[in-house]
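Data from structure08.cif: mmCIF, C-alpha atoms
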data_work
#
loop_
_atom_site.label_atom_id
_atom_site.label_comp_id
_atom_site.auth_asym_id
_atom_site.auth_seq_id
_atom_site.Cartn_x
_atom_site.Cartn_y
_atom_site.Cartn_z
CA MET O 1 4.96 -20.21 -16.20
CA LYS O 2 2.62 -20.97 -13.32
CA GLN O 3 -0.59 -19.01 -12.78
CA TYR O 4 -2.28 -18.07 -9.51
CA VAL O 5 -5.47 -16.31 -8.47
CA LEU O 6 -5.08 -13.54 -5.89
CA THR O 7 -8.04 -11.89 -4.20
CA PRO O 8 -7.64 -8.23 -3.21
CA ALA O 9 -7.08 -9.25 0.42
CA MET O 10 -4.43 -11.79 -0.59
CA GLY O 11 -2.77 -9.07 -2.65
CA LYS O 12 -2.73 -6.69 0.30
CA ARG O 13 -1.12 -9.33 2.50
CA LEU O 14 1.45 -10.14 -0.20
CA ILE O 15 2.41 -6.48 -0.58
CA ALA O 16 2.76 -6.17 3.19
CA LYS O 17 4.96 -9.24 3.51
CA ALA O 18 7.26 -7.96 0.77
CA LEU O 19 7.55 -4.40 2.08
CA LEU O 20 8.78 -5.79 5.37
CA HIS O 21 11.86 -6.94 3.40
CA HIS O 22 12.23 -3.81 1.26
CA PRO O 23 15.73 -2.42 1.90
CA PHE O 24 14.59 1.20 2.27
CA VAL O 25 11.80 0.21 4.63
CA ARG O 26 14.16 -1.93 6.72
CA GLU O 27 16.67 0.90 6.99
CA ALA O 28 14.02 3.40 8.08
CA MET O 29 12.56 0.91 10.56
CA GLU O 30 15.89 0.39 12.24
CA ASN O 31 17.62 3.76 12.01
CA GLY O 32 15.14 6.47 11.10
CA ILE O 33 11.44 7.27 10.86
CA LEU O 34 9.00 4.96 9.11
CA ALA O 35 5.50 6.40 8.72
CA VAL O 36 2.77 3.96 7.66
CA VAL O 37 -0.15 6.22 6.76
CA ALA O 38 -3.56 4.77 7.64
CA GLY O 39 -5.35 2.96 4.82
CA THR O 40 -6.70 -0.52 4.16
CA THR O 41 -3.64 -1.85 2.31
CA ASN O 42 -1.32 -0.14 4.77
CA GLY O 43 -3.20 -1.81 7.60
CA TYR O 44 -1.64 -5.07 6.47
CA VAL O 45 1.76 -3.38 6.21
CA ALA O 46 1.45 -1.96 9.71
CA GLU O 47 0.46 -5.40 10.99
CA GLU O 48 3.53 -7.06 9.46
CA VAL O 49 5.88 -4.31 10.66
CA LEU O 50 4.58 -4.37 14.22
CA ARG O 51 4.69 -8.17 14.37
CA ALA O 52 8.28 -8.13 13.15
CA THR O 53 9.27 -5.64 15.85
CA GLY O 54 7.34 -7.41 18.62
CA GLN O 55 4.88 -4.54 19.06
CA ALA O 56 1.68 -5.94 17.53
CA GLU O 57 -0.25 -6.05 20.78
CA GLY O 58 -2.98 -3.45 20.81
CA PHE O 59 -3.01 -2.86 17.04
CA SER O 60 -6.07 -3.60 14.91
CA ARG O 61 -6.62 -2.99 11.21
CA LYS O 62 -10.22 -2.07 11.97
CA GLY O 63 -10.46 1.69 11.89
CA PHE O 64 -6.97 2.08 10.41
CA ARG O 65 -8.27 4.41 7.69
CA ARG O 66 -9.36 7.96 7.08
CA GLY O 67 -11.59 7.14 4.14
CA VAL O 68 -12.82 3.88 2.68
CA VAL O 69 -14.66 2.80 -0.47
CA THR O 70 -17.79 0.70 0.13
CA PRO O 71 -20.60 -0.48 -2.17
CA PRO O 72 -23.35 2.07 -2.87
CA GLY O 73 -25.70 2.28 0.08
CA VAL O 74 -23.32 0.53 2.46
CA SER O 75 -21.50 2.29 5.29
CA ALA O 76 -18.19 1.17 6.77
CA PRO O 77 -18.39 -0.24 10.30
CA GLN O 78 -17.82 2.33 13.01
CA ALA O 79 -14.38 2.09 14.58
CA ASP O 80 -12.07 4.36 16.53
CA PHE O 81 -9.19 5.81 14.53
CA PRO O 82 -5.95 4.63 16.20
CA GLY O 83 -3.62 7.07 14.43
CA ASP O 84 -1.01 6.23 11.83
CA VAL O 85 1.72 3.72 12.63
CA VAL O 86 4.95 5.69 13.02
CA LEU O 87 8.16 4.01 14.13
CA VAL O 88 11.13 6.07 15.30
CA LYS O 89 14.25 3.91 15.34
CA GLY O 90 12.05 0.86 15.59
CA GLN O 91 9.79 2.11 18.36
CA TRP O 92 6.07 2.49 17.68
CA GLN O 93 4.81 5.92 18.66
CA LYS O 94 1.31 4.81 19.69
CA GLY O 95 -1.60 7.11 18.98
CA ARG O 96 0.44 9.56 16.91
CA GLU O 97 -0.06 10.66 13.30
CA ILE O 98 2.16 11.51 10.37
CA PHE O 99 1.41 15.20 10.99
CA ASP O 100 3.30 14.93 14.30
CA PHE O 101 6.53 13.81 12.62
CA VAL O 102 6.54 14.88 8.98
CA ASN O 103 8.36 18.17 9.59
CA ASP O 104 11.23 16.27 11.26
CA MET O 105 11.62 13.68 8.51
CA LYS O 106 14.69 13.73 6.28
CA ALA O 107 16.50 11.74 3.61
CA GLY O 108 16.59 8.09 4.64
CA ASP O 109 13.18 8.25 6.27
CA VAL O 110 10.22 6.59 4.53
CA ILE O 111 6.52 7.34 4.17
CA LEU O 112 4.18 4.58 3.01
CA LYS O 113 0.98 5.98 1.50
CA GLY O 114 -1.69 4.07 -0.44
CA ALA O 115 -3.45 5.05 -3.67
CA ASN O 116 -6.78 4.71 -5.44
CA VAL O 117 -5.62 4.39 -9.04
CA VAL O 118 -2.41 3.13 -10.64
CA ASP O 119 -0.98 3.07 -14.15
CA LEU O 120 1.09 -0.12 -14.17
CA LEU O 121 2.96 0.69 -17.38
CA LEU O 122 4.06 4.23 -16.52
CA ARG O 123 4.25 3.42 -12.79
CA LYS O 124 2.21 6.42 -11.74
CA ALA O 125 -0.53 6.59 -9.12
CA ALA O 126 -3.01 9.01 -7.63
CA VAL O 127 -5.10 9.18 -4.47
CA TYR O 128 -8.57 10.50 -3.82
CA ILE O 129 -8.68 13.62 -1.65
CA GLY O 130 -11.56 14.45 0.68
CA HIS O 131 -9.81 16.91 2.99
CA PRO O 132 -9.85 20.61 1.99
CA MET O 133 -6.12 20.94 2.79
CA GLY O 134 -5.03 17.84 0.89
CA GLY O 135 -4.99 15.37 3.79
CA THR O 136 -2.00 13.16 4.49
CA ILE O 137 -0.57 13.31 0.97
CA GLY O 138 -0.72 17.10 1.21
CA ALA O 139 1.45 16.85 4.32
CA ALA O 140 3.81 14.26 2.85
CA VAL O 141 4.66 15.93 -0.46
CA PRO O 142 6.67 18.86 1.02
CA ALA O 143 8.88 16.36 2.85
CA VAL O 144 9.33 14.31 -0.32
CA ILE O 145 10.21 17.18 -2.65
CA GLY O 146 11.79 19.44 -0.04
CA ARG O 147 13.91 17.03 2.01
CA ARG O 148 14.10 13.88 -0.13
CA VAL O 149 12.05 11.73 2.20
CA ARG O 150 11.27 8.55 0.28
CA LEU O 151 7.61 7.93 -0.55
CA ILE O 152 6.57 4.35 -1.35
CA VAL O 153 3.06 3.68 -2.64
CA PRO O 154 1.64 0.23 -1.76
CA VAL O 155 -1.25 -0.31 -4.19
CA GLY O 156 -2.98 -3.41 -5.51
CA VAL O 157 -3.20 -4.11 -9.23
CA GLU O 158 -7.00 -4.22 -8.83
CA LYS O 159 -6.78 -0.39 -8.98
CA ARG O 160 -5.18 -0.35 -12.42
CA THR O 161 -6.19 2.03 -15.20
CA HIS O 162 -5.19 2.42 -18.84
CA GLU O 163 -6.06 6.12 -18.70
CA ASP O 164 -3.47 8.88 -18.41
CA ILE O 165 -3.23 9.75 -14.71
CA ASP O 166 -2.63 13.46 -15.34
CA SER O 167 -5.72 13.62 -17.54
CA LEU O 168 -7.81 11.90 -14.88
CA VAL O 169 -6.55 14.34 -12.26
CA ALA O 170 -7.41 17.33 -14.46
CA ASP O 171 -10.94 16.07 -15.10
CA VAL O 172 -11.67 15.07 -11.52
CA ASN O 173 -10.38 18.37 -10.12
CA ASP O 174 -12.41 20.50 -12.52
CA PRO O 175 -14.73 22.83 -10.55
CA ASP O 176 -17.76 21.34 -12.32
CA THR O 177 -16.94 17.77 -11.21
CA GLU O 178 -18.73 16.30 -8.21
CA GLY O 179 -17.20 13.93 -5.65
CA PRO O 180 -13.69 13.71 -4.18
CA ARG O 181 -10.64 15.26 -5.78
CA LEU O 182 -7.63 13.38 -7.09
CA MET O 183 -3.92 14.02 -6.55
CA PRO O 184 -0.96 12.37 -8.30
CA ILE O 185 1.56 10.79 -5.93
CA PRO O 186 5.30 11.43 -6.51
CA GLY O 187 6.41 8.10 -5.10
CA ASP O 188 7.69 4.61 -5.90
CA ILE O 189 4.82 2.30 -6.90
CA PHE O 190 4.78 -1.10 -5.17
CA THR O 191 2.25 -3.73 -6.27
CA GLU O 192 1.91 -7.50 -6.12
CA LEU O 193 4.00 -7.57 -9.31
CA ASP O 194 6.87 -6.00 -7.35
CA ALA O 195 6.32 -8.09 -4.23
CA ILE O 196 6.81 -11.47 -5.90
CA PRO O 197 10.22 -10.65 -7.46
CA LEU O 198 11.44 -9.08 -4.22
CA LEU O 199 10.59 -12.17 -2.17
CA THR O 200 11.35 -14.94 -4.69
CA GLY O 201 13.37 -13.59 -7.63
CA ALA O 202 10.68 -14.74 -10.07
CA VAL O 203 9.04 -12.45 -12.62
CA ALA O 204 5.33 -11.71 -12.12
CA ARG O 205 2.87 -10.62 -14.83
CA LEU O 206 -0.77 -9.62 -14.74
CA MET O 207 -2.67 -12.13 -16.88
CA GLY O 208 -6.37 -11.50 -16.22
CA GLY O 209 -8.91 -10.48 -13.63
CA GLY O 210 -12.35 -10.90 -12.16
CA GLY O 211 -14.26 -13.67 -10.50
CA VAL O 212 -17.23 -14.61 -8.31
CA TYR O 213 -17.95 -16.40 -5.01
CA GLY O 214 -15.49 -14.17 -3.19
CA ALA O 215 -13.10 -13.67 -6.10
CA GLU O 216 -14.68 -10.37 -7.18
CA GLY O 217 -11.80 -8.02 -7.97
CA ALA O 218 -9.33 -10.92 -8.05
CA VAL O 219 -6.49 -11.15 -10.56
CA TRP O 220 -4.61 -13.90 -12.35
CA ILE O 221 -0.86 -13.58 -11.83
CA GLY O 222 1.58 -15.42 -14.07
CA VAL O 223 4.94 -16.26 -12.50
CA GLN O 224 8.07 -17.15 -14.49
CA GLY O 225 11.55 -18.03 -13.33
CA GLU O 226 14.10 -20.68 -12.53
CA PRO O 227 12.85 -23.85 -10.79
CA GLU O 228 13.97 -22.67 -7.36
CA GLU O 229 12.29 -19.30 -7.92
CA LEU O 230 9.06 -20.95 -8.98
CA GLN O 231 9.19 -23.18 -5.91
CA ALA O 232 9.67 -20.15 -3.66
CA ALA O 233 6.76 -18.38 -5.36
CA GLN O 234 4.59 -21.49 -4.97
CA GLN O 235 5.25 -21.57 -1.24
CA LEU O 236 4.74 -17.83 -0.86
CA LEU O 237 1.44 -17.71 -2.70
CA ALA O 238 0.18 -20.87 -1.00
CA SER O 239 0.74 -19.13 2.34
CA LEU O 240 -1.82 -16.49 1.32
CA LYS O 241 -4.68 -18.95 0.87
CA GLY O 242 -7.49 -18.42 3.32
CA GLU O 243 -6.75 -14.72 3.83
CA PRO O 244 -10.17 -13.35 4.82
CA ALA O 245 -11.81 -10.41 3.09
CA CYS O 246 -10.48 -7.07 4.28
CA GLU O 247 -12.30 -5.63 7.29
CA GLY O 248 -10.87 -2.16 7.61
#
Take the structure in this file and express it as structure tokens.
Amino acid sequence: MKQYVLTPAMGKRLIAKALLHHPFVREAMENGILAVVAGTTNGYVAEEVLRATGQAEGFSRKGFRRGVVTPPGVSAPQADFPGDVVLVKGQWQKGREIFDFVNDMKAGDVILKGANVVDLLLRKAAVYIGHPMGGTIGAAVPAVIGRRVRLIVPVGVEKRTHEDIDSLVADVNDPDTEGPRLMPIPGDIFTELDAIPLLTGAVARLMGGGGVYGAEGAVWIGVQGEPEELQAAQQLLASLKGEPACEG
């Protein structure tokens, strides 16, 4: 086994690089509709997708969000919302949102939607809701359960919990609870622990977490595999060094 430290920003970039090679994402990119819903992790995904299709000009991760978590007393920088990144047969529909396309999506199409909490063992996730009509996940779920649109949930292991997701949802959504609501996501979880096997064939395990001097929220990832898999993982993870802190 070899062990590596990944900051949250490195993890976001790793997830994005891997999703670019995910077979369902590739198929939707080329032949259907791929909707990358705005969010900080998905900003990295959108960046990788647009670079790969030669359409990155004019895209910025800054402002690619509807809500963002900041330290108490700190506000996110002001930025114009550019819309979600939606590709129809590989063509970026600039300035559009998932709401413009979701009713036309069908089996084979893919929605990428981030999360705020993830249970790594049961592979379940949930997202905070601030919109009174359920926001983007409220729009996505009918397509997922009604027309078999595939929902993939890019989420970093920093958001892990050992609590039961359904119990958390029930408590957070109680009328006496203050703050945002919480909705479970009926999708396929995709973390750094999925990204490494997809790109290298090696097995990845969460070993520890925490740090200082910029490593706050970082995790230790243990990687196991054949020599060639370990070499591929070494090169992959080395390529993430120097990834700056997320500025969404």
*asked:* Report as a VMD selection string all protein, DNA and RNA residues lying within 8 Å of Trp92 of chain O, evaluated on all atoms listed in the file, omitting residues in the same chain fewer than 4 positions from it.
replied: chain O and resid 50 55 85 to 88
*Report as a list in words the full result of the PyMOL selection byres ((chain O and resi 220) around 8) when it is applied to this structure.*
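After applying the PyMOL selection byres ((chain O and resi 220) around 8), what remains is Gln3, Tyr4, Val5, Leu6, Leu206, Met207, Gly208, Gly209, Ala218, Val219, Ile221 and Gly222 of chain O.
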*Any chance you could work out the residue set of the PyMOL selection byres ((chain O and resi 246) around 8) here, as a ChimeraX atom specification?*
/O:9,40,244-245,247-248
*asked:* Here's a test: counting only C-alpha atoms, identify every protein, DNA and RNA residue with an atom at most 7 Å from (-11.0, 13.3, 0.1) in the file's coordinate frame, and state them as a PyMOL selection string.
replied: chain O and resi 128-131+180-181
*Proximity to Glu97 of chain O - best of O:Pro72, O:Gly156, O:Gly146, O:Gly135, only C-alpha atoms*: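 Smallest distance to Glu97 of chain O is found for O:Gly135.
Using all atoms listed in the file, the smallest distance between any of O:Ile152, O:Val45, O:Ile33, O:Glu163 and Leu120 of chain O comes from O:Glu163.
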*Between O:Ala195, O:Ala170, O:Ala143, O:Leu236, single out the one closest to Ala16 of chain O, counting all atoms listed in the file.*
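Result for the nearest residue to Ala16 of chain O: O:Ala195.
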*asked:* Running the PyMOL selection byres ((chain O and resi 150) around 12) on this model by hand, what would come out? Give it as a ChimeraX atom specification.
replied: /O:23-25,27-28,32-35,102,105-113,140-149,151-153,185-189
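For the choices O:Val169, O:Leu193, O:Ala52, O:Leu230, the atom-to-atom distance to Met1 of chain O is smallest for O:Leu230 when using all atoms listed in the file.
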Find the residues with any atom within 7 Å of (-6.0, 1.3, -8.7); use only C-alpha atoms and the coordinates as given in the file, and write the answer as a compact mmCIF listing (two decimals) with C-alpha atoms, in the frame of the given file.
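Output saved as point-v1.txt:
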# COMPACT_ATOMS: atom_id res chain seq x y z
CA ALA O 115 -3.45 5.05 -3.67
CA ASN O 116 -6.78 4.71 -5.44
CA VAL O 117 -5.62 4.39 -9.04
CA VAL O 118 -2.41 3.13 -10.64
CA VAL O 155 -1.25 -0.31 -4.19
CA GLY O 156 -2.98 -3.41 -5.51
CA VAL O 157 -3.20 -4.11 -9.23
CA GLU O 158 -7.00 -4.22 -8.83
CA LYS O 159 -6.78 -0.39 -8.98
CA ARG O 160 -5.18 -0.35 -12.42
CA THR O 161 -6.19 2.03 -15.20
*Quick one, how far is atom CA of Asp174 of chain O from atom CA of Ala126 of chain O?*
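Computed distance, atom CA of Asp174 of chain O to atom CA of Ala126 of chain O, equals 15.6 Å.
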*To one decimal in Å, tell me the separation between atom CA of Leu19 of chain O and atom CA of Leu198 of chain O.*
8.8 Å
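For the residues O:Leu182, O:Ala232, O:Leu122, O:Val68, ranking by smallest atom-to-atom distance to Pro197 of chain O using all atoms listed in the file places O:Ala232 first.
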*What is the atom CA of Glu243 of chain O-atom CA of Leu14 of chain O distance in Å, reported with one decimal?*
10.2 Å
*Determine the nearest neighbour of Ser239 of chain O from the options O:Met133, O:Arg13, O:Glu192, O:His22, counting all atoms listed in the file.*
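For Ser239 of chain O, the nearest of the given residues is O:Arg13.
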